[in-house]
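S.K.: This is run.txt, which holds compact mmCIF, C-alpha atoms:
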# COMPACT_ATOMS: atom_id res chain seq x y z
CA MET O 1 -0.95 12.03 -29.90
CA SER O 2 -3.04 15.16 -30.20
CA LEU O 3 -0.72 18.13 -29.78
CA ASP O 4 -3.64 20.32 -28.86
CA ARG O 5 -4.64 18.01 -26.00
CA LEU O 6 -1.06 17.80 -24.69
CA GLU O 7 -0.65 21.58 -24.83
CA LYS O 8 -3.76 22.06 -22.72
CA GLN O 9 -2.63 19.38 -20.28
CA ILE O 10 0.79 20.99 -19.85
CA ALA O 11 -0.79 24.42 -19.33
CA PHE O 12 -2.95 22.90 -16.56
CA ILE O 13 0.05 21.13 -15.02
CA LYS O 14 1.93 24.44 -14.91
CA GLU O 15 -1.06 26.32 -13.51
CA ILE O 16 -1.49 23.99 -10.54
CA ASP O 17 2.09 24.68 -9.42
CA LYS O 18 0.51 27.71 -7.71
CA ALA O 19 -1.05 25.41 -5.09
CA LYS O 20 2.47 25.13 -3.62
CA SER O 21 2.24 28.79 -2.62
CA ILE O 22 -1.20 28.70 -0.99
CA PHE O 23 -0.56 28.49 2.73
CA ARG O 24 -2.90 26.97 5.26
CA ARG O 25 -3.44 27.74 8.97
CA ASN O 26 -1.64 24.69 10.34
CA ARG O 27 2.08 24.16 10.81
CA LEU O 28 4.28 21.28 9.70
CA LEU O 29 4.74 18.74 12.50
CA ASP O 30 8.21 20.13 13.29
CA ASN O 31 6.55 23.55 13.67
CA SER O 32 9.07 25.10 11.26
CA ARG O 33 6.53 26.82 8.99
CA TYR O 34 2.95 26.77 7.64
CA GLU O 35 1.87 23.98 5.34
CA ASN O 36 0.76 24.59 1.76
CA ASP O 37 -2.12 23.07 -0.23
CA ALA O 38 0.06 20.80 -2.39
CA GLU O 39 1.77 19.20 0.62
CA HIS O 40 -1.53 18.82 2.46
CA SER O 41 -3.12 17.12 -0.56
CA TRP O 42 -0.15 14.77 -0.97
CA HIS O 43 -0.33 13.86 2.71
CA ILE O 44 -4.03 13.00 2.73
CA ALA O 45 -3.69 11.03 -0.53
CA ILE O 46 -1.23 8.70 1.22
CA MET O 47 -3.45 8.69 4.33
CA ALA O 48 -6.33 7.53 2.11
CA ALA O 49 -4.32 4.54 0.90
CA ILE O 50 -3.12 3.65 4.42
CA LEU O 51 -6.34 4.25 6.39
CA VAL O 52 -8.95 2.88 3.98
CA GLU O 53 -9.52 -0.19 6.22
CA HIS O 54 -11.05 2.21 8.78
CA ALA O 55 -13.65 3.67 6.36
CA ASN O 56 -17.31 3.08 7.23
CA GLU O 57 -17.93 1.73 3.74
CA PRO O 58 -15.64 -1.23 3.13
CA ASN O 59 -16.11 -1.29 -0.65
CA LEU O 60 -15.34 2.27 -1.64
CA ASP O 61 -13.29 3.04 -4.75
CA ILE O 62 -9.97 4.06 -3.21
CA GLY O 63 -8.57 5.23 -6.56
CA ARG O 64 -11.38 7.76 -6.80
CA VAL O 65 -10.76 8.90 -3.19
CA ILE O 66 -7.07 9.45 -3.91
CA LEU O 67 -7.65 11.46 -7.09
CA MET O 68 -10.37 13.43 -5.31
CA VAL O 69 -8.09 14.49 -2.46
CA LEU O 70 -5.22 15.26 -4.85
CA ILE O 71 -7.37 17.84 -6.68
CA HIS O 72 -9.77 18.97 -3.92
CA ASP O 73 -7.96 22.24 -3.13
CA LEU O 74 -7.11 23.35 -6.70
CA VAL O 75 -10.11 25.70 -6.57
CA GLU O 76 -8.15 27.74 -4.00
CA ILE O 77 -5.80 28.92 -6.76
CA GLY O 78 -6.55 32.61 -7.15
CA VAL O 79 -9.00 32.45 -4.22
CA GLY O 80 -6.82 31.36 -1.30
CA ASP O 81 -7.35 29.00 1.59
CA THR O 82 -10.40 29.42 3.81
CA PHE O 83 -9.94 28.61 7.49
CA ILE O 84 -12.29 25.77 8.43
CA TYR O 85 -13.37 27.62 11.59
CA ASP O 86 -14.20 30.87 9.78
CA GLU O 87 -17.86 30.28 8.94
CA ALA O 88 -18.52 33.72 7.46
CA ALA O 89 -15.60 33.45 5.01
CA ARG O 90 -16.63 29.92 4.06
CA ALA O 91 -20.12 31.10 3.08
CA THR O 92 -18.85 33.85 0.78
CA LYS O 93 -16.19 31.64 -0.78
CA VAL O 94 -18.64 29.13 -2.25
CA GLU O 95 -19.37 31.13 -5.39
CA GLN O 96 -15.71 32.16 -5.85
CA GLU O 97 -14.60 28.54 -5.61
CA ARG O 98 -17.18 27.46 -8.16
CA GLU O 99 -15.88 30.09 -10.62
CA SER O 100 -12.33 28.99 -9.87
CA ALA O 101 -13.28 25.35 -10.59
CA GLU O 102 -14.75 26.47 -13.90
CA ARG O 103 -11.52 28.24 -14.80
CA VAL O 104 -8.89 25.77 -13.51
CA PHE O 105 -10.51 22.52 -14.67
CA GLY O 106 -11.64 24.35 -17.82
CA MET O 107 -7.98 24.48 -18.90
CA LEU O 108 -8.05 20.71 -19.47
CA PRO O 109 -9.06 19.07 -22.76
CA GLU O 110 -12.50 17.60 -23.28
CA GLY O 111 -13.42 14.69 -21.05
CA GLN O 112 -10.79 15.44 -18.41
CA ARG O 113 -12.30 18.88 -17.78
CA ASP O 114 -15.71 17.44 -16.92
CA HIS O 115 -14.27 14.44 -15.08
CA LEU O 116 -12.16 16.46 -12.61
CA ARG O 117 -14.80 19.15 -12.25
CA ALA O 118 -17.37 16.46 -11.36
CA LEU O 119 -14.93 14.85 -8.92
CA TRP O 120 -14.50 18.19 -7.14
CA GLU O 121 -18.30 18.70 -7.01
CA GLU O 122 -18.62 15.19 -5.58
CA PHE O 123 -16.07 16.02 -2.88
CA GLU O 124 -17.96 19.20 -1.98
CA ALA O 125 -21.39 17.50 -1.87
CA LYS O 126 -20.27 14.66 0.47
CA GLU O 127 -23.06 12.42 -0.79
CA THR O 128 -20.95 9.41 -1.82
CA SER O 129 -18.91 7.03 0.35
CA GLU O 130 -15.76 8.20 -1.43
CA ALA O 131 -16.46 11.89 -0.75
CA ARG O 132 -17.32 11.24 2.90
CA PHE O 133 -14.07 9.33 3.47
CA ALA O 134 -12.07 12.00 1.58
CA GLY O 135 -13.75 14.66 3.73
CA ALA O 136 -12.85 12.77 6.90
CA LEU O 137 -9.16 12.74 5.94
CA ASP O 138 -9.27 16.42 4.99
CA ARG O 139 -10.39 17.18 8.58
CA LEU O 140 -8.24 14.59 10.38
CA GLN O 141 -4.90 15.68 8.92
CA PRO O 142 -4.93 19.31 10.19
CA LEU O 143 -6.30 18.01 13.51
CA ILE O 144 -3.25 15.77 13.88
CA HIS O 145 -1.02 18.71 12.93
CA ASN O 146 -2.63 21.14 15.36
CA ALA O 147 -2.61 18.59 18.18
CA SER O 148 1.09 17.93 17.48
CA THR O 149 2.11 21.61 17.40
CA GLU O 150 0.63 22.68 20.74
CA GLY O 151 -2.65 23.72 19.12
CA HIS O 152 -0.98 26.40 16.98
CA ALA O 153 -3.94 27.39 14.77
CA TRP O 154 -6.50 26.91 17.55
CA LYS O 155 -4.66 29.24 19.93
CA LYS O 156 -3.82 31.80 17.26
CA HIS O 157 -7.42 32.10 16.11
CA GLY O 158 -9.16 31.57 19.47
CA VAL O 159 -10.84 28.32 18.46
CA THR O 160 -12.59 26.41 21.29
CA ARG O 161 -13.15 22.73 21.98
CA ARG O 162 -16.81 23.07 21.01
CA GLN O 163 -15.85 24.44 17.56
CA VAL O 164 -13.22 21.74 17.03
CA GLU O 165 -15.71 19.02 17.97
CA SER O 166 -18.47 20.50 15.84
CA VAL O 167 -16.34 20.94 12.70
CA ASN O 168 -14.57 17.60 13.02
CA SER O 169 -17.52 15.45 14.08
CA ARG O 170 -18.11 15.05 10.34
CA ILE O 171 -15.10 12.73 10.34
CA ALA O 172 -17.58 10.14 11.65
CA ASN O 173 -19.51 10.27 8.36
CA GLY O 174 -16.46 8.80 6.65
CA SER O 175 -15.01 6.76 9.49
CA GLU O 176 -16.41 6.13 12.96
CA SER O 177 -13.06 4.63 13.98
CA LEU O 178 -11.08 7.68 12.93
CA TRP O 179 -13.57 9.95 14.72
CA THR O 180 -13.01 7.93 17.92
CA PHE O 181 -9.28 8.45 17.43
CA ALA O 182 -9.80 12.18 16.73
CA LYS O 183 -11.85 12.62 19.91
CA GLY O 184 -8.89 11.25 21.82
CA LEU O 185 -6.63 13.86 20.21
CA ILE O 186 -9.06 16.64 21.11
CA ALA O 187 -9.38 15.48 24.73
CA GLY O 188 -5.59 15.27 24.95
CA ALA O 189 -5.18 18.80 23.59
CA VAL O 190 -7.64 20.18 26.16
CA LYS O 191 -5.85 18.32 28.95
CA ASN O 192 -2.47 19.70 27.83
CA GLY O 193 -3.81 23.25 27.65
CA HIS O 194 -3.44 23.47 23.86
CA LEU O 195 -7.17 23.84 23.27
CA GLU O 196 -9.60 26.01 25.23
CA GLU O 197 -12.32 24.02 27.04
CA MET D 1 -10.58 -1.66 14.48
CA SER D 2 -7.20 -2.85 15.67
CA LEU D 3 -5.75 -0.10 17.85
CA ASP D 4 -2.28 -1.47 17.27
CA ARG D 5 -2.63 -1.19 13.49
CA LEU D 6 -4.01 2.37 13.70
CA GLU D 7 -1.21 3.44 16.05
CA LYS D 8 1.41 2.20 13.58
CA GLN D 9 -0.37 3.87 10.69
CA ILE D 10 -0.54 7.21 12.51
CA ALA D 11 3.15 6.98 13.43
CA PHE D 12 3.95 6.43 9.73
CA ILE D 13 1.67 9.32 8.68
CA LYS D 14 3.50 11.61 11.11
CA GLU D 15 6.93 10.38 10.01
CA ILE D 16 6.34 11.17 6.34
CA ASP D 17 5.62 14.81 7.18
CA LYS D 18 9.43 15.14 7.00
CA ALA D 19 9.27 14.85 3.19
CA LYS D 20 7.94 18.43 3.21
CA SER D 21 11.36 19.59 4.41
CA ILE D 22 13.49 17.70 1.87
CA PHE D 23 14.38 20.20 -0.80
CA ARG D 24 15.17 19.40 -4.40
CA ARG D 25 17.36 21.17 -6.95
CA ASN D 26 14.59 22.72 -9.01
CA ARG D 27 12.61 25.86 -8.28
CA LEU D 28 8.86 26.39 -8.24
CA LEU D 29 7.60 27.74 -11.57
CA ASP D 30 7.39 31.28 -10.14
CA ASN D 31 11.06 30.91 -9.14
CA SER D 32 10.23 31.95 -5.56
CA ARG D 33 11.99 29.01 -3.83
CA TYR D 34 13.13 25.38 -4.16
CA GLU D 35 10.55 22.63 -4.35
CA ASN D 36 10.26 19.89 -1.74
CA ASP D 37 9.66 16.16 -2.13
CA ALA D 38 6.03 16.21 -0.96
CA GLU D 39 5.03 18.89 -3.49
CA HIS D 40 6.93 17.18 -6.27
CA SER D 41 5.22 13.86 -5.52
CA TRP D 42 1.79 15.51 -5.45
CA HIS D 43 2.49 17.19 -8.76
CA ILE D 44 3.53 14.04 -10.60
CA ALA D 45 0.59 12.09 -9.12
CA ILE D 46 -1.80 14.53 -10.82
CA MET D 47 0.36 14.44 -13.96
CA ALA D 48 -0.03 10.65 -13.99
CA ALA D 49 -3.83 10.95 -14.00
CA ILE D 50 -3.82 13.66 -16.69
CA LEU D 51 -1.12 12.30 -19.01
CA VAL D 52 -1.88 8.57 -18.91
CA GLU D 53 -3.26 8.67 -22.48
CA HIS D 54 0.33 9.37 -23.64
CA ALA D 55 1.83 6.28 -21.97
CA ASN D 56 3.38 3.68 -24.27
CA GLU D 57 1.33 0.94 -22.64
CA PRO D 58 -2.34 1.80 -22.95
CA ASN D 59 -3.56 -0.68 -20.34
CA LEU D 60 -1.42 0.19 -17.36
CA ASP D 61 -2.89 0.29 -13.86
CA ILE D 62 -3.06 4.03 -13.24
CA GLY D 63 -4.00 3.58 -9.58
CA ARG D 64 -0.74 1.73 -9.02
CA VAL D 65 1.21 4.46 -10.86
CA ILE D 66 -0.35 7.16 -8.68
CA LEU D 67 0.39 5.38 -5.39
CA MET D 68 3.90 4.60 -6.63
CA VAL D 69 4.72 8.25 -7.35
CA LEU D 70 3.14 9.40 -4.09
CA ILE D 71 5.54 7.23 -2.07
CA HIS D 72 8.59 7.06 -4.40
CA ASP D 73 10.66 9.66 -2.53
CA LEU D 74 9.86 8.62 1.06
CA VAL D 75 13.20 6.79 1.17
CA GLU D 76 14.85 10.23 1.07
CA ILE D 77 13.70 10.86 4.66
CA GLY D 78 16.90 10.85 6.70
CA VAL D 79 18.98 10.46 3.52
CA GLY D 80 18.11 13.59 1.52
CA ASP D 81 17.53 14.25 -2.15
CA THR D 82 20.10 13.11 -4.69
CA PHE D 83 20.59 15.32 -7.73
CA ILE D 84 19.74 13.33 -10.85
CA TYR D 85 22.90 14.61 -12.61
CA ASP D 86 25.23 13.64 -9.75
CA GLU D 87 26.17 10.12 -10.78
CA ALA D 88 28.70 9.53 -8.01
CA ALA D 89 26.23 10.47 -5.27
CA ARG D 90 23.54 8.34 -6.88
CA ALA D 91 25.73 5.26 -6.77
CA THR D 92 26.53 5.60 -3.07
CA LYS D 93 22.93 6.40 -2.15
CA VAL D 94 21.53 3.06 -3.30
CA GLU D 95 22.32 1.19 -0.10
CA GLN D 96 21.28 4.10 2.14
CA GLU D 97 17.94 4.35 0.37
CA ARG D 98 17.34 0.63 0.75
CA GLU D 99 17.96 0.88 4.52
CA SER D 100 15.69 3.89 4.64
CA ALA D 101 12.94 1.95 2.83
CA GLU D 102 13.32 -0.82 5.40
CA ARG D 103 12.92 1.68 8.23
CA VAL D 104 10.16 3.95 6.86
CA PHE D 105 7.89 1.31 5.33
CA GLY D 106 8.73 -0.94 8.30
CA MET D 107 6.73 1.43 10.52
CA LEU D 108 3.51 0.25 8.85
CA PRO D 109 1.47 -2.74 10.03
CA GLU D 110 1.70 -6.12 8.36
CA GLY D 111 0.61 -6.26 4.76
CA GLN D 112 0.95 -2.52 4.14
CA ARG D 113 4.65 -2.63 5.03
CA ASP D 114 5.40 -5.23 2.35
CA HIS D 115 2.98 -3.70 -0.16
CA LEU D 116 4.52 -0.20 -0.13
CA ARG D 117 8.06 -1.53 0.11
CA ALA D 118 7.42 -3.70 -2.98
CA LEU D 119 5.86 -0.76 -4.81
CA TRP D 120 9.01 1.30 -4.15
CA GLU D 121 11.22 -1.57 -5.33
CA GLU D 122 9.08 -1.81 -8.47
CA PHE D 123 9.55 1.91 -9.10
CA GLU D 124 13.32 1.58 -8.71
CA ALA D 125 13.60 -1.47 -10.98
CA LYS D 126 11.64 0.11 -13.90
CA GLU D 127 10.67 -3.33 -15.21
CA THR D 128 6.90 -2.87 -15.32
CA SER D 129 4.83 -0.54 -17.52
CA GLU D 130 3.64 1.26 -14.40
CA ALA D 131 7.18 1.88 -13.13
CA ARG D 132 8.39 3.07 -16.53
CA PHE D 133 5.54 5.57 -16.83
CA ALA D 134 6.06 6.72 -13.22
CA GLY D 135 9.78 7.14 -13.97
CA ALA D 136 8.98 9.20 -17.08
CA LEU D 137 6.89 11.63 -15.02
CA ASP D 138 9.55 11.83 -12.32
CA ARG D 139 11.99 13.08 -15.00
CA LEU D 140 9.57 15.23 -17.00
CA GLN D 141 8.34 17.35 -14.09
CA PRO D 142 11.73 18.82 -13.06
CA LEU D 143 12.55 19.25 -16.76
CA ILE D 144 9.45 21.44 -17.16
CA HIS D 145 10.42 23.34 -14.01
CA ASN D 146 14.02 23.91 -15.08
CA ALA D 147 12.98 24.92 -18.61
CA SER D 148 10.46 27.39 -17.09
CA THR D 149 12.93 28.96 -14.64
CA GLU D 150 15.69 29.85 -17.11
CA GLY D 151 17.48 26.54 -16.52
CA HIS D 152 18.06 27.28 -12.82
CA ALA D 153 19.45 23.91 -11.70
CA TRP D 154 21.28 23.28 -14.98
CA LYS D 155 23.15 26.57 -14.80
CA LYS D 156 23.84 26.35 -11.08
CA HIS D 157 25.36 22.87 -11.37
CA GLY D 158 26.97 23.22 -14.81
CA VAL D 159 24.78 20.60 -16.47
CA THR D 160 25.09 20.33 -20.27
CA ARG D 161 22.63 19.46 -23.03
CA ARG D 162 24.25 16.05 -23.44
CA GLN D 163 23.66 15.22 -19.76
CA VAL D 164 20.07 16.44 -19.87
CA GLU D 165 19.37 14.37 -22.97
CA SER D 166 21.09 11.30 -21.56
CA VAL D 167 19.31 11.38 -18.19
CA ASN D 168 15.91 12.24 -19.64
CA SER D 169 15.95 9.97 -22.68
CA ARG D 170 14.54 7.35 -20.32
CA ILE D 171 11.25 9.27 -20.50
CA ALA D 172 10.81 7.44 -23.82
CA ASN D 173 10.63 4.11 -21.97
CA GLY D 174 7.38 5.28 -20.39
CA SER D 175 6.09 7.57 -23.12
CA GLU D 176 7.52 8.23 -26.58
CA SER D 177 5.10 11.16 -26.95
CA LEU D 178 6.26 12.83 -23.76
CA TRP D 179 9.89 12.31 -24.76
CA THR D 180 9.17 14.10 -28.06
CA PHE D 181 7.66 16.94 -26.06
CA ALA D 182 10.65 16.94 -23.66
CA LYS D 183 13.13 17.14 -26.54
CA GLY D 184 11.33 20.29 -27.67
CA LEU D 185 11.78 21.78 -24.19
CA ILE D 186 15.50 20.93 -24.22
CA ALA D 187 16.03 22.42 -27.69
CA GLY D 188 14.17 25.55 -26.61
CA ALA D 189 16.32 25.89 -23.49
CA VAL D 190 19.51 25.65 -25.56
CA LYS D 191 18.19 28.23 -28.04
CA ASN D 192 17.30 30.63 -25.19
CA GLY D 193 20.74 30.24 -23.61
CA HIS D 194 19.37 28.47 -20.50
CA LEU D 195 21.20 25.22 -21.21
CA GLU D 196 24.79 24.81 -22.38
CA GLU D 197 25.12 23.19 -25.82
Taking this structure as input, can you express it in the form of structure tokens?
M.R.:
Amino acid sequence: MSLDRLEKQIAFIKEIDKAKSIFRRNRLLDNSRYENDAEHSWHIAIMAAILVEHANEPNLDIGRVILMVLIHDLVEIGVGDTFIYDEAARATKVEQERESAERVFGMLPEGQRDHLRALWEEFEAKETSEARFAGALDRLQPLIHNASTEGHAWKKHGVTRRQVESVNSRIANGSESLWTFAKGLIAGAVKNGHLEE
Amino acid sequence: MSLDRLEKQIAFIKEIDKAKSIFRRNRLLDNSRYENDAEHSWHIAIMAAILVEHANEPNLDIGRVILMVLIHDLVEIGVGDTFIYDEAARATKVEQERESAERVFGMLPEGQRDHLRALWEEFEAKETSEARFAGALDRLQPLIHNASTEGHAWKKHGVTRRQVESVNSRIANGSESLWTFAKGLIAGAVKNGHLEE
């Protein structure tokens, strides 16, 4: 065992503990509090394993999807979460997140550093089947949470049906079936008065 | 797409949100609060990917390890976390956790139900390389957290060095290298007065 490699790995493992304190805009399903990045990533990793049969591409590498979603939000360490409906903030965060990726993944030893950094870039680019399915889950999970907590984040931030449909229509790029399901959730939220028409 | 299958999968995905409210005995590294099962499972899933080169068995199926650690604590839904140093509680929890596994994994459609249930049984039995490595990570992570938060859980529950060494020596079954590292953490904690000799 290389002690130097292990030391770097442990430093990285300690650093990513901070993702547990980065809070998102959506609530837990019991509405008790906001969800953090670590919990969100855990949830969509299990969703990936369970929902893979609904992916558009039947032969995607599910192991790569799972690792991708586990690490996709680590760039928010030191930068914070960006609300999916805040387009202006999203535009300015791109460069900050790239620097954060450089720093966080740069803590890892050779090989792993480039591997995880590339996996994050792949997630961001959405050009592979794996990234498109991972992206679909990353949108679907908060949609389920908002729909199940009376539209908490939508109401609080004045988000409309058109915005929800526009942002989440990209679910279809990873899974047409899950987008059909998501449209049902959105229609239900409008009907129940949890989302503005 | 089978609507019936998707409905069951979504019900399961919603059910496991409860793992985010099951709190463990160890603190986050910044000592701000206790850690929950979902965060812990996310953390050791990334640890699995990063630390696999230190596993005793070089050819283990890392994808299976990652899925195993992601779901290993779902049986605590409705049952709660059992402190690793509380031997009496651990003995009585076995049957409750088995019933919980039946219920939680039983929410999934055919195939997935048996697959995840078997993966949890495999984790519990520690008879495969994958389960032994997963078990090593499940012990190492709270050890790192306790050692980094002045021995919070050890002090609070009067845990001694002998108990910590006894419970965690099983790390060696998954990784001799990580057990060597863990012994260093334990010795350091004793030296710093965070763990009773």
S.K.: Find the residues with any atom within 9 Å of (18.2, 4.8, 1.3); use all atoms listed in the file and the coordinates as given in the file, and write the answer as a list in words.
M.R.: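 With a cut-off of 9 Å, the residues come to Val75, Glu76, Ile77, Gly78, Val79, Gly80, Lys93, Val94, Glu95, Gln96, Glu97, Arg98, Glu99, Ser100, Ala101 and Glu102 of chain D.
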S.K.: Can you tell me how far atom CA of His72 of chain D sits from atom CA of Leu6 of chain D, in Å to one decimal?
M.R.: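 Value for the atom CA of His72 of chain D-atom CA of Leu6 of chain D distance: 22.5 Å.
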S.K.: For the atom pair atom CA of Phe12 of chain D and atom CA of Leu28 of chain O, what is the interatomic distance in Å to one decimal place?
M.R.: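 Separating atom CA of Phe12 of chain D from atom CA of Leu28 of chain O is a distance of 14.9 Å.
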S.K.: Can you list, as a list in words, every protein, DNA or RNA residue that comes within 12 Å of His115 of chain D when you count all atoms listed in the file, leaving out same-chain residues fewer than 4 positions away?
M.R.: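 The filter keeps Ala49 and Ile50 of chain O; Arg64, Leu67, Met68, Ile71, Ala101, Phe105, Gly106, Leu108, Pro109, Glu110, Gly111, Leu119, Trp120, Glu121 and Glu122 of chain D.
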S.K.: Output the contact residues of chain O with respect to chain D at a cut-off of 6 Å, based on only C-alpha atoms, as a PyMOL selection string.
M.R.: chain O and resi 38-39+42+63
S.K.: Can you pull out the residues contacting Thr180 of chain D? Cut-off 12 Å, using all atoms listed in the file, and skip same-chain residues under 3 positions away; I want them as a list in words.
M.R.: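 Here the answer would be Met1, Leu3 and Leu6 of chain O; His54, Leu140, Glu165, Asn168, Ser169, Arg170, Ile171, Ala172, Asn173, Gly174, Ser175, Glu176, Ser177, Lys183, Gly184, Leu185, Ile186 and Ala187 of chain D.
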S.K.: Would you work out the distance separating atom CA of Gln163 of chain O from atom CA of Asp81 of chain O, expressed in Å to one decimal?
M.R.: 18.7 Å
S.K.: If you count only C-alpha atoms, which residues fall within 9 Å of Glu197 of chain O, apart from same-chain ones fewer than 6 positions away, as number ranges by chain?
M.R.: O: 160-162, 190-191
S.K.: Which polymer residues have any atom within 8 Å of an atom of Val65 of chain D, counting all atoms listed in the file, with same-chain residues fewer than 5 positions away left out, as a ChimeraX atom specification?
M.R.: /D:45,48,130-131,133-134
S.K.: Would you please work out which residue, of O:Leu137, O:Val167, O:Leu195, O:Ala147, is nearest to Phe83 of chain O when using only C-alpha atoms?
M.R.: O:Val167
S.K.: Could you list as a PyMOL selection string every residue that has an atom within 12 Å of (22.4, 30.5, -19.8), using the file's coordinates and counting only C-alpha atoms?
M.R.: chain D and resi 146-147+149-161+188-197
S.K.: Enclose segment 164-178 of chain D, meaning all of its atoms listed in the file, in a box aligned along x, y and z, pad it by 3 Å on each side, and list the centre and edge lengths in Å to one decimal, as lines of an AutoDock Vina configuration file.
M.R.:
center_x = 13.1
center_y = 10.3
center_z = -22.6
size_x = 22.0
size_y = 18.3
size_z = 14.8
S.K.: Where atoms are missing, can you supply N, CA and C atoms for segment 55-74 of chain O and output the lot as a PDB file, in the coordinates of the input?
M.R.:
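Contents of the output file out02.pdb:
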ATOM      1  N   ALA O  55     -12.481   2.974   6.932  1.00  0.00           N
ATOM      2  CA  ALA O  55     -13.650   3.670   6.360  1.00  0.00           C
ATOM      3  C   ALA O  55     -14.933   2.946   6.746  1.00  0.00           C
ATOM      4  N   ASN O  56     -16.014   3.707   6.922  1.00  0.00           N
ATOM      5  CA  ASN O  56     -17.310   3.080   7.230  1.00  0.00           C
ATOM      6  C   ASN O  56     -17.748   2.127   6.121  1.00  0.00           C
ATOM      7  N   GLU O  57     -17.524   2.539   4.891  1.00  0.00           N
ATOM      8  CA  GLU O  57     -17.930   1.730   3.740  1.00  0.00           C
ATOM      9  C   GLU O  57     -16.746   0.903   3.274  1.00  0.00           C
ATOM     10  N   PRO O  58     -16.818  -0.416   3.431  1.00  0.00           N
ATOM     11  CA  PRO O  58     -15.640  -1.230   3.130  1.00  0.00           C
ATOM     12  C   PRO O  58     -15.328  -1.318   1.631  1.00  0.00           C
ATOM     13  N   ASN O  59     -16.336  -1.065   0.782  1.00  0.00           N
ATOM     14  CA  ASN O  59     -16.110  -1.290  -0.650  1.00  0.00           C
ATOM     15  C   ASN O  59     -15.955  -0.015  -1.455  1.00  0.00           C
ATOM     16  N   LEU O  60     -15.440   1.034  -0.845  1.00  0.00           N
ATOM     17  CA  LEU O  60     -15.340   2.270  -1.640  1.00  0.00           C
ATOM     18  C   LEU O  60     -14.199   2.167  -2.655  1.00  0.00           C
ATOM     19  N   ASP O  61     -14.271   3.016  -3.665  1.00  0.00           N
ATOM     20  CA  ASP O  61     -13.290   3.040  -4.750  1.00  0.00           C
ATOM     21  C   ASP O  61     -12.121   3.927  -4.307  1.00  0.00           C
ATOM     22  N   ILE O  62     -11.064   3.306  -3.815  1.00  0.00           N
ATOM     23  CA  ILE O  62      -9.970   4.060  -3.210  1.00  0.00           C
ATOM     24  C   ILE O  62      -9.224   4.910  -4.254  1.00  0.00           C
ATOM     25  N   GLY O  63      -9.190   4.435  -5.490  1.00  0.00           N
ATOM     26  CA  GLY O  63      -8.570   5.230  -6.560  1.00  0.00           C
ATOM     27  C   GLY O  63      -9.286   6.554  -6.739  1.00  0.00           C
ATOM     28  N   ARG O  64     -10.615   6.516  -6.648  1.00  0.00           N
ATOM     29  CA  ARG O  64     -11.380   7.760  -6.800  1.00  0.00           C
ATOM     30  C   ARG O  64     -11.143   8.669  -5.594  1.00  0.00           C
ATOM     31  N   VAL O  65     -11.043   8.082  -4.395  1.00  0.00           N
ATOM     32  CA  VAL O  65     -10.760   8.900  -3.190  1.00  0.00           C
ATOM     33  C   VAL O  65      -9.418   9.607  -3.365  1.00  0.00           C
ATOM     34  N   ILE O  66      -8.418   8.870  -3.804  1.00  0.00           N
ATOM     35  CA  ILE O  66      -7.070   9.450  -3.910  1.00  0.00           C
ATOM     36  C   ILE O  66      -7.041  10.587  -4.926  1.00  0.00           C
ATOM     37  N   LEU O  67      -7.636  10.385  -6.098  1.00  0.00           N
ATOM     38  CA  LEU O  67      -7.650  11.460  -7.090  1.00  0.00           C
ATOM     39  C   LEU O  67      -8.447  12.666  -6.577  1.00  0.00           C
ATOM     40  N   MET O  68      -9.526  12.367  -5.873  1.00  0.00           N
ATOM     41  CA  MET O  68     -10.370  13.430  -5.310  1.00  0.00           C
ATOM     42  C   MET O  68      -9.579  14.311  -4.329  1.00  0.00           C
ATOM     43  N   VAL O  69      -8.834  13.677  -3.431  1.00  0.00           N
ATOM     44  CA  VAL O  69      -8.090  14.490  -2.460  1.00  0.00           C
ATOM     45  C   VAL O  69      -6.905  15.198  -3.127  1.00  0.00           C
ATOM     46  N   LEU O  70      -6.335  14.593  -4.162  1.00  0.00           N
ATOM     47  CA  LEU O  70      -5.220  15.260  -4.850  1.00  0.00           C
ATOM     48  C   LEU O  70      -5.665  16.580  -5.466  1.00  0.00           C
ATOM     49  N   ILE O  71      -6.906  16.638  -5.952  1.00  0.00           N
ATOM     50  CA  ILE O  71      -7.370  17.840  -6.680  1.00  0.00           C
ATOM     51  C   ILE O  71      -8.330  18.719  -5.869  1.00  0.00           C
ATOM     52  N   HIS O  72      -8.671  18.307  -4.616  1.00  0.00           N
ATOM     53  CA  HIS O  72      -9.770  18.970  -3.920  1.00  0.00           C
ATOM     54  C   HIS O  72      -9.507  20.448  -3.596  1.00  0.00           C
ATOM     55  N   ASP O  73      -8.257  20.850  -3.498  1.00  0.00           N
ATOM     56  CA  ASP O  73      -7.960  22.240  -3.130  1.00  0.00           C
ATOM     57  C   ASP O  73      -7.511  23.104  -4.316  1.00  0.00           C
ATOM     58  N   LEU O  74      -7.552  22.559  -5.538  1.00  0.00           N
ATOM     59  CA  LEU O  74      -7.110  23.350  -6.700  1.00  0.00           C
ATOM     60  C   LEU O  74      -7.980  24.591  -6.905  1.00  0.00           C
TER      61      LEU O  74
END
